[in-house]
Amino acid sequence: MMTFQLSNTVIFILAWRNLWRNHRRTLIMLSAITVGVWAMIFMTALMRGMVDDMLLNGIRNLPGEVQIHHLQFLDDPGINNSITAPDAKLLKALQSPEVKAWTTRVRVPAVISSERDSRGITLLGVEPGREVQLGFDISSIIEGRFLTGNNDSGLVIGAKLAERLETRLGKRVVVMSQDPDNNIADRGFRVVGIYKAKMDSLEELNIYAGLTTVQKLLKLEDKVSEIAITGKDYRHVENWFSTIKLVAGQTVQTLPWYEIDKYLGSMLAMMDGFVLVWIIVIFLALSFGLVNTLVMAVFERTREIGLMQALGMRPNMILYQILVESFFLLSIGLLIGNALAIGTILPLQDGIDISVVAKGMEMMGSSSILYPALKLNDVLLANIIVITLGLLTSFLPAWHAASFDPVEALGKD
Amino acid sequence: MNITLRMAWRNLWRHKRRTWLTVGAMIFSNLLLVFMISLQFGSYRMMIDNTLKSYTGHMQVQLEGYNDDSKIRNSFDNIIPLAEQLRQTLNTSRVAARGVAFAMTSSEMRSYGLQIVGVEPGYEPEVSTLSGLLKKGQFFSGNNAEEIIIGSILARNLRVDIGAELTLLGSGRDGSFAAGVVLVTGIFESGSNDVDRSMAQIPLGYFQSLFSMGNQGHNIVINAEDLSLVDVLQSKVSHVIASRKELVLLDWNQLQPGLQQAIQADMFSAWFMYAILIVLVAFSVLNTQLMSVLERTREFGIMMALGVKPVRLGALVITETTLMSTLGLAIGAGLGALLAYYLSLVGFSYPGMEEMAGKFNLPDRMYPSLSLLSVFLGPCIVFICSLLASVYPALRLFFLHPVSAMRTV
Amino acid sequence: MTSIVCKDLCKTFQQGDEVITGLDNVSITIEKGDFVCLSGPSGSGKTTLLNAMGGLDTPDSGEITIGRVRIDKLGKAALADIRLHNIGFVFQAYNLIPVLTARENVEFVMQVSGLDAEERSKRSYKILREVGLEGMENRRPAHLSGGQQQRVAVARAIVSQPTLVLADEPTANLDSVTSSQLMDLFVELNQHHNITFIIATHDLRVMKYAKRLIKMEDGKIISDEKQ
């Protein structure tokens, strides 16, 4: 052991000095590693940012990381597929510290008409206080106010919808839907608030009214369309999801967000896959240069390696020496690459404006400002892959050097 | 074979391992580029085609302002004769007029607020694939038939089947009350849940009377035989509608700006990735060629002493790179084309793609589209960048002094 | 006391289509403390014999024993250990590791064999003084003359107190003054430290120093005389 430690020093000195013998080659290779590592982390942060945004938008679109519905509701989101409000048992489960907020809603398709035009929309009967806790952004109300209580008789609509209907704050509109007996239920509402959403399509789709008001209009009594529950982190719903599901029972459907919207759910998994593939592809592109650099280094030093062998350095020490050299090269590259990546991502934390392709991003479910998301796990993954696979690929030239025949190696010019 | 070429070729194989590693980096990148670019071309095309063919069409004639504000009032006169005129002028049947309105659609059990599209029974199948996707029943019996076709999910939600009656309630163009009873004659299944949940079509003649439209309608859809022919068609159509100042012609890009932008966003991120790959290859080439020049300093010194001009030596280095890059191009593009060709036959998919594909009107499996451009675009850029990377090593030769060069070991 | 015993050593090389005989049934015994010169034209087999005795190369057949250890059948790592602890080498040129200073080159062997830093540094300074390189300890090989480089190589060869030093044409790149200084150093070390020297050379001035002169030709020993 003692022997090993002492001879380490000389190996490190040799590896380090050898690295800088051909400084041009080392600098070129370092640049390549730096660019590669930067690209790995930078690109990953951008893509993560985009997917995060998509997920958040998606979850905001149907707030509630876990939702309880009638078994048929998702397939047929109509008035008939309603459920009863939470019972005592479920209420108790919702007290869990894992649950950040919850609410009930009525969600039905409806037609809204002004004196100028009509539109198909989704009417939401909400509990305003709880809805805000759940994530409705009160600052998105650009005119008027949000609903004040379950009995509020006003209506909050999106800015885009108001424009389409040629209506405005304080005007009356008619909302028409059906009651459970398939009778047309309609009622006039006064527009009390206008909100702005990140995506135009949402502004045109959702209108908000008081829960009790809507229940009365639709003769729903105290039934609701959904119970929406939010935890502390949308990525870790599993922790508390199963408890809620168990308490809610078999007669209703309890689903996490990633199953309600399969597209969103698949994005998260696909992103993980993308990050891994991207890092490995870049690494492979780098690996050719890395092996090449080491092959050249070994080739130029054939004589020297022969000499070291003649002086009694064991072959595995030669191998070790080349690996240490490669380790130094990779580590410096990683260091600069990481620093560069962080240095370019941090100034972009306030978001990158990509509104030139806003409509396209909306199609994908993302908004027009991209916030790069630097994740420790991704950075670690990139570093671990580069170091591990890097040393593994260096093994080839290192092993080649260790298997030199000393007599032949010494005989080389 | 000229002497520079012969020398260059032999020089390459003095360091077999190094040459193959450099060529290997090119092959790897080229293979990847060919595959990715073919895949992009394939999926973009499919994304555009599928999205446009299902409903929007390649271009539409509308009342100016309708696209931004699609109100029922923003319609225009004599839509059917104009459509007929377009068919004759363009000598194609891929032209169809439509009307669009909202109505509360009720079965005995359920009601939904829907977009109702009035279509020309004789021509709608020429511009949209929906009618071809009828799972049950048939298309309309006539232009004034009180009939409706709906999506399969909508049918299920309304709890109706062929032969059932639906009540339509809405407001007409003039604000009057519009009400009618229609017979479900067909149910289609497009594969897109959104379309199958929300689309309903009725004959245009009946649409016009139901919504008090008179002879008016909202748009005329025109399809080209192929996306590449859109431009030609566009100028002809513009000519026809030139006399009607209130009308505009919008192409698919104006009708569906999201489509092109989604493609642009994807292109941008894809090219960022390609650029990184290409830069890494260039570094590889730079390294190899610089080393190969440095280790031959003595040799070059002797050649210069013999009277060879630096330009010749520079040409030698560039020729070496060209040979190496050609190898990388040929093998990389070849293997890439093989891979892309194989996948264009059997297709491929990855986990999560199905959900993604559904969002962009793509099938569950991806099929790369192989063309000269998709095969050679990437590899040619790699080729050029490799040559550029060897300029610096070649230039170094101009600063070489024969005497000191010969003294170098 | 017997130092090295070689018995019936044979070795051939393949060069192109030709088979070249390196050693042809060579048997030789070298006593501890001897000062031997191997001479002969190039290709006579002297380097091959030297490499075989140093455990750098293995013979096709025959036995080599250093002290009590048979080395002809040992593996690479074991041979490396024998070289590390028992044998010092001095080659014709490129003797030093270019990235290490004179002192570090001398310490290299001790470092690989795991001596602690204090001991290493003490010994390397002492030995460099002994070979006349005081004050040049921290120069890299590129800043030393040919003779100085060879002195560093000698210092390195003897610093770990080997029983045997093998030198292959150590004076080939040196002028006559430097050559005789180097040979004087060899003789002195031979006498003071009782280290066995085997020197392969075709330099007549070197042969003058030999206690025993062995001449080789075509892989055979053709004469072996004490002087």
# chains A, B, ... in the order shown; residues from 1 in each chain; ligands from 1
$ residues_around --residues "Arg21 (chain A)" --least-positions-apart "2" --cutoff "12 Å" --atoms "only C-alpha atoms" --output "NGL selection string"
(:A and (14-19 or 23-27 or 297 or 300-301 or 325)) or (:C and (98-100))
$ select_by_dssp --residues "region 20-61 of chain C" --states "strand (DSSP E or B)" --output "PyMOL selection string"
chain C and resi 20-31+35-39+61
$ interface_residues --of "chain A" --to "chain C" --cutoff "10 Å" --atoms "only C-alpha atoms" --output "PyMOL selection string"
chain A and resi 1-11+13-21+301+303-317+403+405-408+410+413
$ write_last_selection --atoms "C-alpha atoms" --output "tab-separated table (two decimals), in the first residue's frame"
chain	number	residue	atom	x	y	z
A	1	MET	CA	0.00	0.00	0.00
A	2	MET	CA	2.82	2.30	1.01
A	3	THR	CA	4.59	1.48	-2.22
A	4	PHE	CA	1.51	2.29	-4.20
A	5	GLN	CA	1.01	5.69	-2.63
A	6	LEU	CA	4.59	6.77	-3.10
A	7	SER	CA	4.77	5.73	-6.69
A	8	ASN	CA	1.50	7.61	-7.24
A	9	THR	CA	3.31	10.90	-6.91
A	10	VAL	CA	5.71	10.16	-9.73
A	11	ILE	CA	2.86	8.91	-11.90
A	13	ILE	CA	3.98	14.27	-12.08
A	14	LEU	CA	4.71	12.32	-15.25
A	15	ALA	CA	1.10	12.40	-16.42
A	16	TRP	CA	0.73	16.12	-15.76
A	17	ARG	CA	3.97	17.17	-17.42
A	18	ASN	CA	3.42	14.86	-20.36
A	19	LEU	CA	0.02	16.43	-20.87
A	20	TRP	CA	1.61	19.80	-21.51
A	21	ARG	CA	4.49	18.58	-23.63
A	301	ARG	CA	6.71	8.39	-26.35
A	303	ARG	CA	11.02	5.08	-26.55
A	304	GLU	CA	10.38	6.66	-23.23
A	305	ILE	CA	7.87	4.02	-22.30
A	306	GLY	CA	10.43	1.40	-23.26
A	307	LEU	CA	12.95	3.17	-21.05
A	308	MET	CA	10.59	3.26	-18.09
A	309	GLN	CA	9.93	-0.42	-18.55
A	310	ALA	CA	13.66	-1.11	-18.71
A	311	LEU	CA	14.10	0.81	-15.49
A	312	GLY	CA	11.66	-1.52	-13.84
A	313	MET	CA	8.27	0.14	-14.12
A	314	ARG	CA	5.63	-2.55	-14.26
A	315	PRO	CA	3.29	-2.61	-17.26
A	316	ASN	CA	0.25	-1.83	-15.13
A	317	MET	CA	1.99	1.30	-13.90
A	403	SER	CA	1.96	-4.07	-23.74
A	405	ASP	CA	7.98	-4.86	-25.72
A	406	PRO	CA	10.75	-2.86	-24.02
A	407	VAL	CA	13.47	-3.95	-26.42
A	408	GLU	CA	11.45	-3.01	-29.49
A	410	LEU	CA	13.81	1.23	-27.06
A	413	ASP	CA	13.78	6.40	-33.19
$ residues_around --residues "region 173-182 of chain A" --least-positions-apart "2" --cutoff "7 Å" --atoms "only C-alpha atoms" --output "PyMOL selection string"
(chain A and resi 79-80+109-114+171+184-190+218-219) or (chain B and resi 109-111)
$ write_last_selection --atoms "N, CA and C atoms" --output "compact mmCIF listing (two decimals), in the first residue's frame"
# COMPACT_ATOMS: atom_id res chain seq x y z
N ILE A 79 -72.12 16.81 -18.06
CA ILE A 79 -72.79 17.06 -16.79
C ILE A 79 -73.20 15.76 -16.10
N ASN A 80 -73.53 14.73 -16.90
CA ASN A 80 -74.02 13.49 -16.30
C ASN A 80 -72.95 12.73 -15.55
N PRO A 109 -68.97 21.50 -20.83
CA PRO A 109 -68.95 22.22 -22.10
C PRO A 109 -70.18 23.13 -22.15
N ALA A 110 -70.03 24.30 -22.72
CA ALA A 110 -71.15 25.24 -22.79
C ALA A 110 -70.98 26.15 -23.99
N VAL A 111 -71.96 26.93 -24.27
CA VAL A 111 -71.89 27.92 -25.33
C VAL A 111 -72.07 29.28 -24.70
N ILE A 112 -71.19 30.21 -25.05
CA ILE A 112 -71.33 31.56 -24.52
C ILE A 112 -71.71 32.49 -25.67
N SER A 113 -72.68 33.36 -25.42
CA SER A 113 -73.11 34.26 -26.49
C SER A 113 -73.15 35.70 -26.00
N SER A 114 -72.62 36.58 -26.81
CA SER A 114 -72.81 38.01 -26.58
C SER A 114 -73.86 38.41 -27.60
N LYS A 171 -70.34 44.06 -19.21
CA LYS A 171 -71.38 43.68 -20.16
C LYS A 171 -72.00 42.35 -19.75
N ILE A 184 -82.14 22.38 -21.73
CA ILE A 184 -81.23 23.50 -21.90
C ILE A 184 -81.29 24.37 -20.65
N ALA A 185 -80.09 24.65 -20.11
CA ALA A 185 -80.03 25.52 -18.96
C ALA A 185 -79.26 26.75 -19.38
N ASP A 186 -79.87 27.93 -19.29
CA ASP A 186 -79.10 29.10 -19.66
C ASP A 186 -79.34 30.23 -18.68
N ARG A 187 -78.40 31.15 -18.67
CA ARG A 187 -78.47 32.21 -17.69
C ARG A 187 -77.57 33.36 -18.13
N GLY A 188 -78.01 34.55 -17.81
CA GLY A 188 -77.17 35.71 -18.14
C GLY A 188 -76.16 35.94 -17.03
N PHE A 189 -74.97 36.32 -17.42
CA PHE A 189 -73.93 36.65 -16.45
C PHE A 189 -73.39 38.03 -16.78
N ARG A 190 -72.91 38.74 -15.74
CA ARG A 190 -72.21 39.98 -15.99
C ARG A 190 -70.71 39.67 -15.95
N LEU A 218 -77.28 24.44 -13.24
CA LEU A 218 -77.32 23.14 -13.91
C LEU A 218 -78.10 22.10 -13.12
N LYS A 219 -78.73 22.54 -12.03
CA LYS A 219 -79.51 21.63 -11.17
C LYS A 219 -78.67 20.44 -10.72
N MET B 109 -80.16 12.54 -25.14
CA MET B 109 -79.48 12.41 -23.86
C MET B 109 -78.57 13.60 -23.52
N ARG B 110 -77.89 14.15 -24.53
CA ARG B 110 -76.80 15.08 -24.25
C ARG B 110 -76.82 16.29 -25.15
N SER B 111 -76.11 17.33 -24.72
CA SER B 111 -75.93 18.51 -25.56
C SER B 111 -74.46 18.95 -25.54
$ interface_residues --of "chain A" --to "chain B" --cutoff "7 Å" --atoms "only C-alpha atoms" --output "PyMOL selection string"
chain A and resi 25+28+32+39+76+109-111+117-120+164+178+182+262-263+266-267+270+282+285-286+288-289+292+357+359-361+363
$ write_last_selection --atoms "C-alpha atoms" --output "PDB file, in the first residue's frame"
ATOM      1  CA  ARG A  25      -2.646  19.126 -29.131  1.00  0.00           C
ATOM      2  CA  ILE A  28      -7.246  21.532 -29.102  1.00  0.00           C
ATOM      3  CA  ALA A  32     -13.228  19.952 -27.956  1.00  0.00           C
ATOM      4  CA  ALA A  39     -23.241  21.672 -25.305  1.00  0.00           C
ATOM      5  CA  ASP A  76     -67.154  12.204 -21.901  1.00  0.00           C
ATOM      6  CA  PRO A 109     -68.952  22.221 -22.095  1.00  0.00           C
ATOM      7  CA  ALA A 110     -71.151  25.236 -22.786  1.00  0.00           C
ATOM      8  CA  VAL A 111     -71.887  27.921 -25.335  1.00  0.00           C
ATOM      9  CA  ASP A 117     -71.315  36.150 -31.526  1.00  0.00           C
ATOM     10  CA  SER A 118     -71.372  32.742 -29.850  1.00  0.00           C
ATOM     11  CA  ARG A 119     -68.552  30.417 -28.901  1.00  0.00           C
ATOM     12  CA  GLY A 120     -68.178  26.892 -27.571  1.00  0.00           C
ATOM     13  CA  ARG A 164     -63.951  37.469 -30.105  1.00  0.00           C
ATOM     14  CA  GLN A 178     -77.640  21.401 -20.277  1.00  0.00           C
ATOM     15  CA  ASN A 182     -80.848  17.222 -20.938  1.00  0.00           C
ATOM     16  CA  LYS A 262     -50.582  11.315 -21.575  1.00  0.00           C
ATOM     17  CA  TYR A 263     -48.724  13.750 -23.815  1.00  0.00           C
ATOM     18  CA  SER A 266     -44.701  11.053 -21.833  1.00  0.00           C
ATOM     19  CA  MET A 267     -42.741  14.283 -22.198  1.00  0.00           C
ATOM     20  CA  MET A 270     -38.942  11.277 -23.084  1.00  0.00           C
ATOM     21  CA  ILE A 282     -21.666  14.073 -27.789  1.00  0.00           C
ATOM     22  CA  ALA A 285     -18.148  12.294 -31.018  1.00  0.00           C
ATOM     23  CA  LEU A 286     -15.528  13.364 -28.477  1.00  0.00           C
ATOM     24  CA  PHE A 288     -12.610   9.605 -31.320  1.00  0.00           C
ATOM     25  CA  GLY A 289     -10.530  12.690 -30.641  1.00  0.00           C
ATOM     26  CA  ASN A 292      -6.597   9.797 -31.116  1.00  0.00           C
ATOM     27  CA  VAL A 357     -42.038  30.956 -32.962  1.00  0.00           C
ATOM     28  CA  LYS A 359     -47.455  29.804 -32.240  1.00  0.00           C
ATOM     29  CA  GLY A 360     -45.244  26.799 -32.810  1.00  0.00           C
ATOM     30  CA  MET A 361     -44.302  26.596 -29.164  1.00  0.00           C
ATOM     31  CA  MET A 363     -48.606  23.822 -30.507  1.00  0.00           C
TER      32      MET A 363
END
$ residues_around --residues "Gly180 (chain B)" --least-positions-apart "3" --cutoff "10 Å" --atoms "only C-alpha atoms" --output "list in words"
Thr105, Glu146, Leu166, Thr167, Leu168, Leu169, Gly170, Tyr206, Phe207, Ser209, Leu210 and Phe211 of chain B
$ select_by_dssp --residues "region 89-292 of chain A" --states "alpha helix (DSSP H)" --output "VMD selection string"
chain A and resid 89 to 93 128 to 134 159 to 165 200 to 205 211 to 217 238 to 248 257 to 260 262 to 292
$ residues_around --residues "Arg45 (chain B)" --least-positions-apart "3" --cutoff "10 Å" --atoms "only C-alpha atoms" --output "list in words"
Leu39, Gln40, Phe41, Gly42, Ile48, Asp49, Asn50, Thr51, Leu227, Ile263, Leu362 and Ser369 of chain B
$ write_last_selection --atoms "C-alpha atoms" --output "PDB file, in the first residue's frame"
ATOM      1  CA  LEU B  39     -36.024  11.720 -40.178  1.00  0.00           C
ATOM      2  CA  GLN B  40     -36.644  15.451 -39.915  1.00  0.00           C
ATOM      3  CA  PHE B  41     -37.536  15.775 -43.574  1.00  0.00           C
ATOM      4  CA  GLY B  42     -39.842  12.798 -43.271  1.00  0.00           C
ATOM      5  CA  ILE B  48     -47.626  19.406 -42.722  1.00  0.00           C
ATOM      6  CA  ASP B  49     -49.493  17.012 -44.987  1.00  0.00           C
ATOM      7  CA  ASN B  50     -51.494  15.352 -42.249  1.00  0.00           C
ATOM      8  CA  THR B  51     -52.418  18.583 -40.546  1.00  0.00           C
ATOM      9  CA  LEU B 227     -46.995  21.067 -51.302  1.00  0.00           C
ATOM     10  CA  ILE B 263     -40.992  23.197 -37.426  1.00  0.00           C
ATOM     11  CA  LEU B 362     -48.123  11.997 -37.043  1.00  0.00           C
ATOM     12  CA  SER B 369     -37.597  10.205 -45.979  1.00  0.00           C
TER      13      SER B 369
END
